[in-house]
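Q: Contents of input_31.csv (CSV, C-alpha atoms and all ligand atoms) are given next:
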```csv
chain,number,residue,atom,x,y,z
A,1,MET,CA,147.8,88.1,86.3
A,2,LYS,CA,148.3,87.2,90.0
A,3,ILE,CA,147.7,83.7,91.1
A,4,LEU,CA,147.6,82.1,94.6
A,5,ILE,CA,149.0,78.6,94.8
A,6,VAL,CA,147.9,76.6,97.8
A,7,GLU,CA,149.6,73.2,98.3
A,8,ASP,CA,151.0,71.5,101.4
A,9,ASP,CA,153.4,69.2,99.5
A,10,ARG,CA,156.6,71.3,99.0
A,11,ALA,CA,157.7,69.6,95.8
A,12,THR,CA,154.3,70.1,94.1
A,13,ARG,CA,154.1,73.6,95.4
A,14,LEU,CA,157.5,74.5,93.8
A,15,ARG,CA,156.6,72.8,90.6
A,16,LEU,CA,153.3,74.7,90.3
A,17,LYS,CA,155.1,77.9,91.1
A,18,THR,CA,157.8,77.3,88.4
A,19,HIS,CA,155.1,76.5,85.8
A,20,ALA,CA,153.0,79.5,86.7
A,21,THR,CA,155.9,81.8,86.4
A,22,ALA,CA,156.9,80.3,83.1
A,23,TRP,CA,153.4,80.9,81.8
A,24,GLY,CA,153.5,84.5,82.6
A,25,TYR,CA,151.5,84.6,85.9
A,26,GLU,CA,152.7,86.2,89.2
A,27,PRO,CA,152.4,83.4,91.7
A,28,THR,CA,152.2,83.7,95.5
A,29,VAL,CA,152.4,80.4,97.4
A,30,ALA,CA,150.8,79.2,100.7
A,31,ALA,CA,151.3,75.8,102.4
A,32,ASN,CA,147.7,75.3,103.6
A,33,GLY,CA,144.2,76.9,103.5
A,34,ARG,CA,144.7,79.0,106.7
A,35,GLU,CA,147.9,80.6,105.4
A,36,ALA,CA,146.2,81.1,102.0
A,37,TRP,CA,143.2,82.7,103.6
A,38,GLU,CA,145.4,85.2,105.5
A,39,VAL,CA,147.2,86.1,102.2
A,40,PHE,CA,143.9,86.3,100.3
A,41,GLN,CA,142.4,88.8,102.8
A,42,ALA,CA,145.4,91.1,102.5
A,43,GLU,CA,145.7,91.0,98.7
A,44,ALA,CA,143.3,90.3,95.7
A,45,PHE,CA,143.9,87.2,93.6
A,46,PRO,CA,141.8,86.6,90.5
A,47,LEU,CA,143.1,83.1,90.1
A,48,VAL,CA,143.6,80.4,92.9
A,49,ILE,CA,144.8,76.9,92.5
A,50,SER,CA,144.4,74.9,95.7
A,51,ASP,CA,145.0,71.4,96.9
A,52,TRP,CA,141.9,69.8,98.4
A,53,ILE,CA,143.3,67.9,101.4
A,54,MET,CA,145.6,70.0,103.5
A,55,PRO,CA,146.3,70.4,107.2
A,56,GLU,CA,144.7,73.3,109.3
A,57,MET,CA,142.2,74.3,106.6
A,58,ASP,CA,141.4,72.2,103.5
A,59,GLY,CA,140.7,73.5,100.0
A,60,LEU,CA,137.0,73.1,100.3
A,61,GLU,CA,136.8,75.5,103.3
A,62,LEU,CA,139.1,77.9,101.6
A,63,VAL,CA,136.8,78.1,98.5
A,64,ARG,CA,133.8,78.6,100.8
A,65,ARG,CA,135.5,81.5,102.5
A,66,ILE,CA,136.6,83.0,99.2
A,67,ARG,CA,133.0,82.9,97.9
A,68,ARG,CA,131.6,84.4,101.1
A,69,GLU,CA,134.1,87.3,100.8
A,70,ALA,CA,132.8,89.5,98.0
A,71,SER,CA,136.1,90.6,96.4
A,72,GLU,CA,136.2,93.3,93.8
A,73,GLY,CA,136.3,91.0,90.8
A,74,TYR,CA,135.6,87.4,90.2
A,75,VAL,CA,138.0,84.8,91.7
A,76,PHE,CA,138.4,81.7,89.5
A,77,VAL,CA,139.3,78.7,91.7
A,78,ILE,CA,140.8,75.4,90.5
A,79,LEU,CA,140.9,72.6,93.0
A,80,LEU,CA,143.5,69.9,92.7
A,81,THR,CA,142.0,66.5,93.4
A,82,SER,CA,143.5,63.1,94.1
A,83,GLN,CA,142.1,60.0,92.6
A,84,GLY,CA,139.7,59.2,95.5
A,85,GLU,CA,138.3,62.7,95.5
A,86,THR,CA,136.9,62.9,92.0
A,87,SER,CA,133.6,61.4,93.3
A,88,LYS,CA,133.3,64.5,95.5
A,89,LEU,CA,133.3,67.0,92.6
A,90,VAL,CA,129.7,68.0,93.3
A,91,GLU,CA,130.7,68.9,96.9
A,92,GLY,CA,133.5,71.0,95.5
A,93,MET,CA,131.3,72.8,93.0
A,94,GLU,CA,128.7,73.5,95.6
A,95,ALA,CA,131.4,75.0,97.8
A,96,GLY,CA,132.2,77.3,94.8
A,97,ALA,CA,135.1,75.7,92.9
A,98,ASP,CA,135.1,76.5,89.2
A,99,ASP,CA,137.3,73.7,87.9
A,100,PHE,CA,139.2,70.6,88.9
A,101,VAL,CA,142.5,69.1,88.0
A,102,ALA,CA,143.4,65.6,89.0
A,103,LYS,CA,146.8,64.9,90.6
A,104,PRO,CA,149.4,64.1,89.4
A,105,PHE,CA,148.5,66.8,87.0
A,106,GLU,CA,149.4,67.0,83.3
A,107,THR,CA,151.2,70.3,82.6
A,108,ASP,CA,149.4,71.0,79.4
A,109,GLU,CA,146.0,70.4,80.9
A,110,LEU,CA,146.7,72.6,83.9
A,111,ARG,CA,147.9,75.4,81.6
A,112,ALA,CA,144.8,75.2,79.4
A,113,ARG,CA,142.5,75.2,82.4
A,114,LEU,CA,144.3,78.3,83.8
A,115,ARG,CA,143.9,80.1,80.5
A,116,ALA,CA,140.2,79.3,80.5
A,117,GLY,CA,139.9,80.7,84.0
A,118,GLN,CA,141.9,83.8,82.9
A,119,ARG,CA,139.5,84.4,80.0
A,120,ILE,CA,136.5,84.3,82.4
A,121,VAL,CA,138.2,86.7,84.9
A,122,GLU,CA,139.1,89.1,82.1
A,123,LEU,CA,135.6,89.0,80.7
A,124,GLU,CA,134.1,89.7,84.1
A,125,HIS,CA,136.5,92.5,84.5
A,126,ARG,CA,135.5,94.1,81.2
A,127,LEU,CA,131.8,93.7,82.1
A,128,ALA,CA,132.3,95.3,85.5
A,129,THR,CA,134.2,98.2,83.9
A,130,SER,CA,131.5,98.9,81.4
A,131,ASN,CA,128.9,98.7,84.1
A,132,ALA,CA,130.8,101.2,86.2
A,133,GLU,CA,131.1,103.5,83.2
A,134,LEU,CA,127.4,103.2,82.5
A,135,ALA,CA,126.6,104.0,86.1
A,136,ALA,CA,128.9,107.0,86.0
A,137,PHE,CA,127.3,108.2,82.8
A,138,ALA,CA,123.8,107.8,84.2
A,139,SER,CA,124.8,109.7,87.3
A,140,VAL,CA,126.4,112.6,85.5
A,141,ALA,CA,123.7,112.8,82.8
A,142,SER,CA,120.9,112.9,85.3
A,143,HIS,CA,122.7,115.4,87.5
A,144,ASP,CA,123.2,117.7,84.5
A,145,LEU,CA,119.6,117.3,83.5
A,146,ARG,CA,118.4,118.8,86.8
A,147,GLU,CA,119.7,122.2,86.1
A,148,PRO,CA,117.7,123.0,83.0
A,149,LEU,CA,114.7,121.3,84.5
A,150,ARG,CA,114.9,123.5,87.5
A,151,THR,CA,114.9,126.5,85.2
A,152,ILE,CA,111.8,125.1,83.4
A,153,THR,CA,109.9,124.5,86.6
A,154,SER,CA,110.7,127.9,88.1
A,155,PHE,CA,109.6,129.8,85.0
A,156,LEU,CA,106.6,127.6,84.7
A,157,GLY,CA,105.8,128.5,88.3
A,158,LEU,CA,106.0,132.2,87.4
A,159,LEU,CA,103.9,131.7,84.3
A,160,GLU,CA,101.2,129.9,86.3
A,161,ARG,CA,101.2,132.5,89.0
A,162,ASP,CA,101.0,135.5,86.7
A,163,TYR,CA,99.0,134.2,83.8
A,164,ARG,CA,96.7,131.3,84.9
A,165,GLY,CA,93.1,132.4,84.3
A,166,LYS,CA,94.2,135.5,82.3
A,167,LEU,CA,94.7,133.6,79.0
A,168,ASP,CA,92.2,131.3,77.4
A,169,GLU,CA,91.2,127.9,78.7
A,170,ARG,CA,93.5,126.0,76.3
A,171,ALA,CA,96.6,128.0,77.6
A,172,ASP,CA,95.7,126.9,81.2
A,173,GLU,CA,95.4,123.3,80.1
A,174,PHE,CA,98.8,123.6,78.4
A,175,ILE,CA,100.4,124.9,81.6
A,176,THR,CA,99.0,121.9,83.5
A,177,PHE,CA,100.4,119.5,80.9
A,178,ILE,CA,103.8,121.0,81.1
A,179,MET,CA,103.7,121.0,84.9
A,180,ASP,CA,102.8,117.3,85.0
A,181,ALA,CA,105.5,116.4,82.5
A,182,ALA,CA,108.1,118.4,84.4
A,183,ASN,CA,107.2,116.7,87.6
A,184,ARG,CA,107.4,113.3,86.0
A,185,MET,CA,110.8,114.1,84.6
A,186,ARG,CA,112.0,115.3,88.0
A,187,ALA,CA,110.9,112.0,89.7
A,188,LEU,CA,112.5,110.0,86.9
A,189,ILE,CA,115.8,111.9,87.2
A,190,ASN,CA,115.8,111.5,91.0
A,191,ASP,CA,115.2,107.8,90.6
A,192,LEU,CA,117.9,107.5,88.0
A,193,LEU,CA,120.4,109.3,90.2
A,194,THR,CA,119.5,107.1,93.2
A,195,TYR,CA,119.9,104.0,91.0
A,196,ALA,CA,123.2,105.0,89.5
A,197,ARG,CA,124.7,106.1,92.9
A,198,LEU,CA,123.8,102.9,94.7
A,199,ASP,CA,127.0,101.5,93.2
A,200,LYS,CA,129.3,103.8,95.2
A,201,GLY,CA,130.5,101.5,97.9
A,202,LYS,CA,130.9,102.7,101.5
A,203,PRO,CA,130.8,99.7,103.8
A,204,GLU,CA,131.6,102.0,106.7
A,205,LEU,CA,128.0,103.2,106.3
A,206,PHE,CA,126.8,99.8,107.6
A,207,GLU,CA,125.2,99.7,111.0
A,208,THR,CA,122.9,97.5,113.1
A,209,PHE,CA,119.4,98.9,113.4
A,210,GLU,CA,115.8,98.1,114.0
A,211,THR,CA,113.8,97.7,110.8
A,212,GLN,CA,110.6,98.3,112.9
A,213,VAL,CA,111.8,101.9,113.5
A,214,VAL,CA,112.6,102.4,109.8
A,215,PHE,CA,109.1,101.1,109.0
A,216,GLU,CA,107.5,103.6,111.4
A,217,ASP,CA,109.5,106.5,109.9
A,218,LYS,CA,108.2,105.5,106.5
A,219,LEU,CA,104.7,105.3,107.7
A,220,SER,CA,104.8,108.9,108.8
A,221,LEU,CA,106.3,110.0,105.5
A,222,LEU,CA,103.5,108.2,103.6
A,223,GLN,CA,100.8,109.4,105.9
A,224,LEU,CA,99.2,111.7,103.4
A,225,SER,CA,98.8,109.0,100.7
A,226,ILE,CA,97.7,106.5,103.4
A,227,ASP,CA,94.9,108.9,104.5
A,228,GLU,CA,93.9,109.7,100.9
A,229,CYS,CA,93.1,106.1,100.0
A,230,GLY,CA,92.1,104.8,103.5
A,231,ALA,CA,95.0,102.3,103.5
A,232,ARG,CA,95.9,100.1,106.4
A,233,ILE,CA,99.6,99.2,106.7
A,234,THR,CA,100.8,96.9,109.5
A,235,ALA,CA,104.1,95.3,110.6
A,236,GLU,CA,105.0,93.6,113.8
A,237,ASP,CA,108.3,92.8,115.5
A,238,LEU,CA,110.4,93.5,112.5
A,239,PRO,CA,114.0,92.3,113.2
A,240,ILE,CA,117.3,94.1,113.8
A,241,VAL,CA,119.4,93.9,110.7
A,242,HIS,CA,122.9,94.9,109.7
A,243,GLY,CA,123.2,97.1,106.6
A,244,ASP,CA,122.9,100.5,105.1
A,245,ARG,CA,120.0,102.1,106.9
A,246,SER,CA,119.2,104.6,104.2
A,247,GLN,CA,119.2,101.9,101.5
A,248,ILE,CA,117.0,99.6,103.5
A,249,SER,CA,114.7,102.6,104.2
A,250,GLN,CA,114.5,103.3,100.5
A,251,LEU,CA,113.7,99.6,99.8
A,252,LEU,CA,110.8,99.7,102.3
A,253,GLN,CA,109.6,103.0,101.0
A,254,ASN,CA,109.5,101.8,97.3
A,255,LEU,CA,107.7,98.6,98.2
A,256,LEU,CA,105.1,100.4,100.4
A,257,SER,CA,104.4,103.2,98.0
A,258,ASN,CA,103.9,100.6,95.2
A,259,GLY,CA,101.5,98.8,97.4
A,260,LEU,CA,99.6,102.0,97.8
A,261,LYS,CA,99.8,103.0,94.2
A,262,TYR,CA,98.9,99.7,92.5
A,263,ARG,CA,95.7,99.3,94.4
A,264,SER,CA,92.5,97.7,93.3
A,265,GLU,CA,89.0,99.0,93.9
A,266,GLU,CA,89.4,98.2,97.6
A,267,SER,CA,91.3,100.3,100.1
A,268,PRO,CA,94.9,99.0,100.3
A,269,VAL,CA,95.8,96.6,103.0
A,270,ILE,CA,99.5,96.1,103.3
A,271,ARG,CA,101.2,93.8,105.8
A,272,ILE,CA,104.9,93.3,106.4
A,273,THR,CA,106.2,90.2,108.1
A,274,ALA,CA,109.7,88.8,108.8
A,275,THR,CA,110.6,85.2,109.6
A,276,ASP,CA,113.8,83.1,109.6
A,277,SER,CA,114.9,81.9,106.2
A,278,ASP,CA,115.0,78.1,105.7
A,279,ASP,CA,118.8,77.9,106.5
A,280,GLY,CA,118.5,80.4,109.4
A,281,ARG,CA,121.1,82.7,108.0
A,282,PHE,CA,118.8,85.4,106.7
A,283,TRP,CA,115.7,87.3,107.6
A,284,HIS,CA,112.9,86.7,105.1
A,285,PHE,CA,110.7,89.7,104.8
A,286,SER,CA,107.3,89.7,103.0
A,287,VAL,CA,105.4,92.7,101.9
A,288,ARG,CA,101.9,91.6,101.0
A,289,ASP,CA,99.3,93.9,99.4
A,290,ASN,CA,95.7,93.4,98.1
A,291,GLY,CA,96.3,95.4,94.9
A,292,ILE,CA,95.8,94.7,91.2
A,293,GLY,CA,98.5,92.0,91.1
A,294,ILE,CA,101.1,91.1,88.5
A,295,PRO,CA,100.9,88.5,85.7
A,296,GLU,CA,103.4,85.6,86.3
A,297,LYS,CA,105.3,86.2,83.0
A,298,HIS,CA,106.5,89.6,84.5
A,299,PHE,CA,107.7,88.3,87.8
A,300,ALA,CA,111.4,88.6,86.8
A,301,ASP,CA,111.4,91.6,84.4
A,302,ILE,CA,109.7,94.1,86.7
A,303,PHE,CA,113.0,94.3,88.6
A,304,GLN,CA,114.7,95.6,85.5
A,305,PRO,CA,115.1,99.4,85.2
A,306,PHE,CA,112.3,101.1,83.2
A,307,ARG,CA,110.1,98.0,83.1
A,308,ARG,CA,106.6,99.2,83.7
A,309,LEU,CA,103.4,97.1,83.2
A,310,HIS,CA,101.3,100.2,83.6
A,311,GLY,CA,103.2,102.7,81.4
A,312,THR,CA,102.5,106.1,80.0
A,313,GLY,CA,98.9,107.1,79.8
A,314,SER,CA,97.9,104.7,82.6
A,315,ALA,CA,96.4,106.0,85.9
A,316,TYR,CA,99.7,105.0,87.7
A,317,ALA,CA,102.5,107.6,87.6
A,318,GLY,CA,106.0,106.2,88.0
A,319,SER,CA,109.5,106.0,86.5
A,320,GLY,CA,109.9,102.3,86.4
A,321,VAL,CA,113.1,102.4,88.4
A,322,GLY,CA,111.7,101.7,91.9
A,323,LEU,CA,111.9,98.0,91.9
A,324,ALA,CA,115.3,98.1,90.1
A,325,ILE,CA,116.5,100.1,93.1
A,326,CYS,CA,115.0,97.5,95.5
A,327,HIS,CA,116.8,94.7,93.6
A,328,LYS,CA,120.1,96.5,93.7
A,329,VAL,CA,119.8,97.3,97.4
A,330,VAL,CA,119.0,93.7,98.3
A,331,GLU,CA,121.7,92.3,96.1
A,332,ARG,CA,124.3,94.6,97.6
A,333,HIS,CA,123.4,93.3,101.0
A,334,GLY,CA,123.9,89.7,99.9
A,335,GLY,CA,120.1,88.9,99.8
A,336,ARG,CA,117.5,88.1,97.2
A,337,ILE,CA,114.2,89.7,96.1
A,338,TRP,CA,111.3,88.1,94.2
A,339,VAL,CA,107.6,88.5,93.8
A,340,GLU,CA,104.6,86.2,94.1
A,341,SER,CA,101.3,87.4,92.7
A,342,GLU,CA,98.1,86.6,91.0
A,343,GLU,CA,96.4,89.1,88.7
A,344,GLY,CA,93.6,90.8,90.5
A,345,ASN,CA,94.5,89.2,93.7
A,346,GLY,CA,97.4,91.2,95.3
A,347,SER,CA,101.1,90.7,95.3
A,348,THR,CA,103.7,89.6,97.9
A,349,PHE,CA,107.2,91.0,97.5
A,350,HIS,CA,109.7,88.8,99.3
A,351,PHE,CA,113.3,89.8,100.1
A,352,THR,CA,116.1,88.4,102.4
A,353,LEU,CA,118.7,90.2,104.4
A,354,PRO,CA,121.6,88.6,106.2
A,355,LYS,CA,121.3,88.4,110.0
A,356,VAL,CA,124.9,88.9,110.8
A,357,PRO,CA,127.6,91.1,109.2
A,358,GLN,CA,128.8,89.3,106.2
A,359,ALA,CA,132.2,89.5,104.6
A,360,ALA,CA,130.3,89.6,101.3
A,361,ILE,CA,129.0,93.1,102.2
A,362,SER,CA,132.4,94.6,103.1
A,363,SER,CA,133.8,94.8,99.6
A,364,SER,CA,134.5,98.3,98.4
A,365,SER,CA,132.3,97.8,95.3
A,366,ALA,CA,129.5,96.7,97.5
A,367,ILE,CA,127.2,98.9,99.4
A,368,GLY,CA,126.9,102.5,100.4
A,369,GLY,CA,126.2,105.7,98.7
A,370,GLU,CA,123.3,108.0,99.2
A,371,THR,CA,119.7,107.1,98.7
A,372,PRO,CA,117.5,110.1,98.6
A,373,GLY,CA,113.8,109.6,98.8
A,374,ARG,CA,112.4,108.8,95.4
A,375,ASP,CA,110.9,112.2,95.0
A,376,ALA,CA,113.3,114.2,97.1
A,377,GLU,CA,115.5,116.8,95.5
A,378,LYS,CA,119.1,116.1,96.4
A,379,PRO,CA,121.5,119.0,96.9
A,380,ASP,CA,124.0,119.2,94.1
A,401,LIG,P1,107.0,102.4,88.9
A,401,LIG,O1,106.1,102.1,90.0
A,401,LIG,O2,107.7,103.7,89.0
A,401,LIG,O3,106.4,102.2,87.5
A,401,LIG,P2,108.6,100.1,89.8
A,401,LIG,O4,110.0,99.7,89.3
A,401,LIG,O5,108.4,100.4,91.2
A,401,LIG,O6,108.2,101.3,88.9
A,401,LIG,O7,107.6,98.9,89.3
A,401,LIG,C1,107.7,98.4,88.0
A,401,LIG,C2,106.3,97.9,87.6
A,401,LIG,O8,105.9,96.8,88.4
A,401,LIG,C3,105.2,98.9,87.8
A,401,LIG,O9,105.1,99.8,86.7
A,401,LIG,C4,104.0,98.1,88.0
A,401,LIG,O10,103.5,97.7,86.7
A,401,LIG,C5,104.5,96.8,88.6
A,401,LIG,N1,104.3,96.8,90.1
A,401,LIG,C6,105.2,97.1,91.0
A,401,LIG,N2,104.7,97.0,92.3
A,401,LIG,C7,103.5,96.5,92.1
A,401,LIG,C8,102.4,96.1,93.0
A,401,LIG,N3,102.6,96.1,94.4
A,401,LIG,N4,101.3,95.6,92.5
A,401,LIG,C9,101.1,95.6,91.2
A,401,LIG,N5,102.1,95.9,90.3
A,401,LIG,C10,103.2,96.4,90.7
```
Turn the structure described in the file into C-alpha cells.
Ligand code: ADP
A:
Amino acid sequence: MKILIVEDDRATRLRLKTHATAWGYEPTVAANGREAWEVFQAEAFPLVISDWIMPEMDGLELVRRIRREASEGYVFVILLTSQGETSKLVEGMEAGADDFVAKPFETDELRARLRAGQRIVELEHRLATSNAELAAFASVASHDLREPLRTITSFLGLLERDYRGKLDERADEFITFIMDAANRMRALINDLLTYARLDKGKPELFETFETQVVFEDKLSLLQLSIDECGARITAEDLPIVHGDRSQISQLLQNLLSNGLKYRSEESPVIRITATDSDDGRFWHFSVRDNGIGIPEKHFADIFQPFRRLHGTGSAYAGSGVGLAICHKVVERHGGRIWVESEEGNGSTFHFTLPKVPQAAISSSSAIGGETPGRDAEKPD
C-alpha cells in the first residue's frame, strides 16, 4: 500500500521511510505540506503520515486540503505531534486527522497505528467495491427489465384498443389493473435506473447556472399537475450554483412533485427560498409545502431507497426512490439534505449546495451521469 510521508526533519524523514519500506509499504516522501500537497494531487495515497509543524504549509492545513479533495477512496491520516501539541488534538481531529503519534515515536506503536489505518482503508475499499457492484447490478437489471415491459405495454395497448367494451365488464377492469401495474413498474424501473446511474462520475458535466431558470423549466413541466390541484408554487431570486445541471433539476423536480403529491385537503402551496448557510460557504435551499406532513421518527429513513410511508394501496402513487435520488445528488455535490415537518402541518425539505467549485466534487467517483425525468423513458 502506498504511503506519503511528510516531515521537514531529514533524519526523521529517512527513518520513517526506512521503517515503512521494511513493513511492506511503498513510501513517497515530501519535506513540507506544500510539497506533499503537490504530490498528493498528482497521485492517490491511501495512507499519509505528516508532521504537524513544518515550513510553508503545516500538517493541519495539509489534512484540511486532503479532506476537501474527495479522492477515490478514504485517506487515513496520522499526524506526528511534539509534546506541546498534544493539547491541540481536538484541533487536529476537527481538521480531519484520524490518528496521532507523539514524537519521538516508538517504532512498534507507529507500526500498529499504520496497520489499523490500513485495515480501515481496506474495509472502505471493499465497501466501495460492493456498492459499485450493486449499482451496476441495479443498472443492468432495470435496463433489461424494460424490454419485456415494453412488450407487455404494447400488447396491452392493442388489447385495450381492440377489445375494451367488447368483452364483459370484468375483463375491462382487468385490463385497467394490468395497465396501472405496468405503469407503476415503468416508473419504478426508471427511478431505479436514475438512482443507479447517478454514481457514474463525470465532473466535466459541472457548470455554473441559475437555479431560478431550472425552477422555471420545472414549473412548465409540472403545469398539468399544478392546474389539476390548483397549486401555487413560488420561488424568488434563487442563486447561481456550480454543479450538474440535470441532477439539480432532477432534485428540484422530485421535491416539487412530492409537494404536489402529498397534499392535504387544501390546495398545495409550495415555496422555495435560498439563503446563505451559517458558515457562508453554501447556499441553503428550503422547499416548504402545506401538505400532509411526515412523522418525526421517519425524518431520516425517507431518504433511503424504497422507504414509503404511504405504500401500496394508498392514494399516493410512487416508487419510493425519489428522495433517495435527492439524497445522492446533494451528497455528490458536497451538500446535505434533511427534512423538518409536523404531521398534518406541511413539510420543509432543506438542502445545501456549495457556492464555489469544490475540489470535493471533482473526483471521478463523484458526480455526473444522466438523470432522466422520473417518468421519462430513456433511450437504450
Ligand atoms: P415516493 O414519493 O415515490 O413514494 P420518495 O422517495 O419521493 O418516494 O418519498 C418517500 C416517502 O416520503 C413517500 O412515500 C412519502 O411517504 C414521504 N414524503 C416525501 N415527500 C413528502 C412530502 N412533501 N410530504 C409528505 N410526505 C412526503
Q: Residues within 9 Å of ligand LIG 401 (chain A) (only C-alpha atoms and all ligand atoms), as JSON, numbers by chain?
A: {"A": [187, 188, 191, 254, 255, 256, 257, 258, 259, 260, 261, 262, 263, 287, 288, 289, 290, 291, 292, 293, 294, 295, 298, 299, 301, 302, 303, 304, 305, 306, 307, 308, 309, 310, 311, 316, 317, 318, 319, 320, 321, 322, 323, 324, 325, 326, 341, 343, 344, 346, 347, 348, 349]}
Q: Given all atoms listed in the file as the basis, pick out the residue of A:Asp237, A:Leu16, A:Gly24, A:Gly92 nearest to Glu106 (chain A).
A: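 Going through A:Asp237, A:Leu16, A:Gly24, A:Gly92 one by one, the smallest distance to Glu106 (chain A) is for A:Leu16.
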Q: Work out how far apart CA of Arg186 (chain A) and CA of Ser142 (chain A) are and give it in Å to one decimal.
A: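 Straight-line distance from CA of Arg186 (chain A) to CA of Ser142 (chain A) works out to 9.6 Å.
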Q: In Å, rounded to a single decimal, give me how far CA of Glu35 (chain A) is from CA of Val63 (chain A).
A: 13.3 Å
Q: For a test of reading the model, state the distance in Å between CA of Arg184 (chain A) and CA of Ser225 (chain A), rounded to one decimal.
A: 17.6 Å
Q: Could you give me, as a VMD selection string, the residues within 9 Å of Ile233 (chain A), counting only C-alpha atoms and dropping anything in the same chain fewer than 6 positions from it?
A: chain A and resid 219 226 256 268 to 272
Q: Nearest to Glu94 (chain A): which of A:Arg64, A:Arg119, A:Arg170, A:Arg332 is it, counting all atoms listed in the file?
A: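 Comparing A:Arg64, A:Arg119, A:Arg170, A:Arg332 against Glu94 (chain A), the winner is A:Arg64.
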Q: Between A:Glu26, A:Asp180, A:Glu216, A:Asp51, which residue has the minimum interatomic distance to Leu156 (chain A), considering only C-alpha atoms?
A: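 Smallest distance to Leu156 (chain A) is found for A:Asp180.
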Q: Identify which of the residues A:Val29, A:Glu342, A:Ile189, A:Gln223 lies closest to Arg146 (chain A), counting only C-alpha atoms when measuring atom-to-atom distances.
A: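 Among A:Val29, A:Glu342, A:Ile189, A:Gln223, it is A:Ile189 that comes nearest to Arg146 (chain A).
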Q: List as an MDAnalysis selection string the protein and nucleic acid residues near Phe282 (chain A), meaning an atom at most 9 Å away when only C-alpha atoms are counted, but skip any in the same chain fewer than 2 places from it.
A: chainID A and resid 275:280 284 335 352:356
Q: Go ahead and dump the residues you just picked, C-alpha atoms, as a short mmCIF file (atom, residue, chain, number, x, y, z; two decimals), in the frame of the given file.
A:
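The resulting file, out_37.cif, is shown below:
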```
data_model
loop_
_atom_site.label_atom_id
_atom_site.label_comp_id
_atom_site.auth_asym_id
_atom_site.auth_seq_id
_atom_site.Cartn_x
_atom_site.Cartn_y
_atom_site.Cartn_z
CA THR A 275 110.60 85.20 109.60
CA ASP A 276 113.80 83.10 109.60
CA SER A 277 114.90 81.90 106.20
CA ASP A 278 115.00 78.10 105.70
CA ASP A 279 118.80 77.90 106.50
CA GLY A 280 118.50 80.40 109.40
CA HIS A 284 112.90 86.70 105.10
CA GLY A 335 120.10 88.90 99.80
CA THR A 352 116.10 88.40 102.40
CA LEU A 353 118.70 90.20 104.40
CA PRO A 354 121.60 88.60 106.20
CA LYS A 355 121.30 88.40 110.00
CA VAL A 356 124.90 88.90 110.80
#
```
Q: With all atoms listed in the file as the counted atoms, please give the residues lying no more than 9 Å from Leu110 (chain A), apart from itself and same-chain residues fewer than 5 positions off, as a VMD selection string.
A: chain A and resid 101 105 115
Q: Nearest to Met57 (chain A) among A:Ala97, A:Val6, A:Leu159, A:Ile152, with distances taken over only C-alpha atoms: which residue is it?
A: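 Comparing A:Ala97, A:Val6, A:Leu159, A:Ile152 against Met57 (chain A), the winner is A:Val6.
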Q: Please determine, counting all atoms listed in the file, which residue among A:Ser220, A:Ser286, A:Thr194, A:Gln41 has the shortest atom-to-atom distance to Gln247 (chain A).
A: A:Thr194
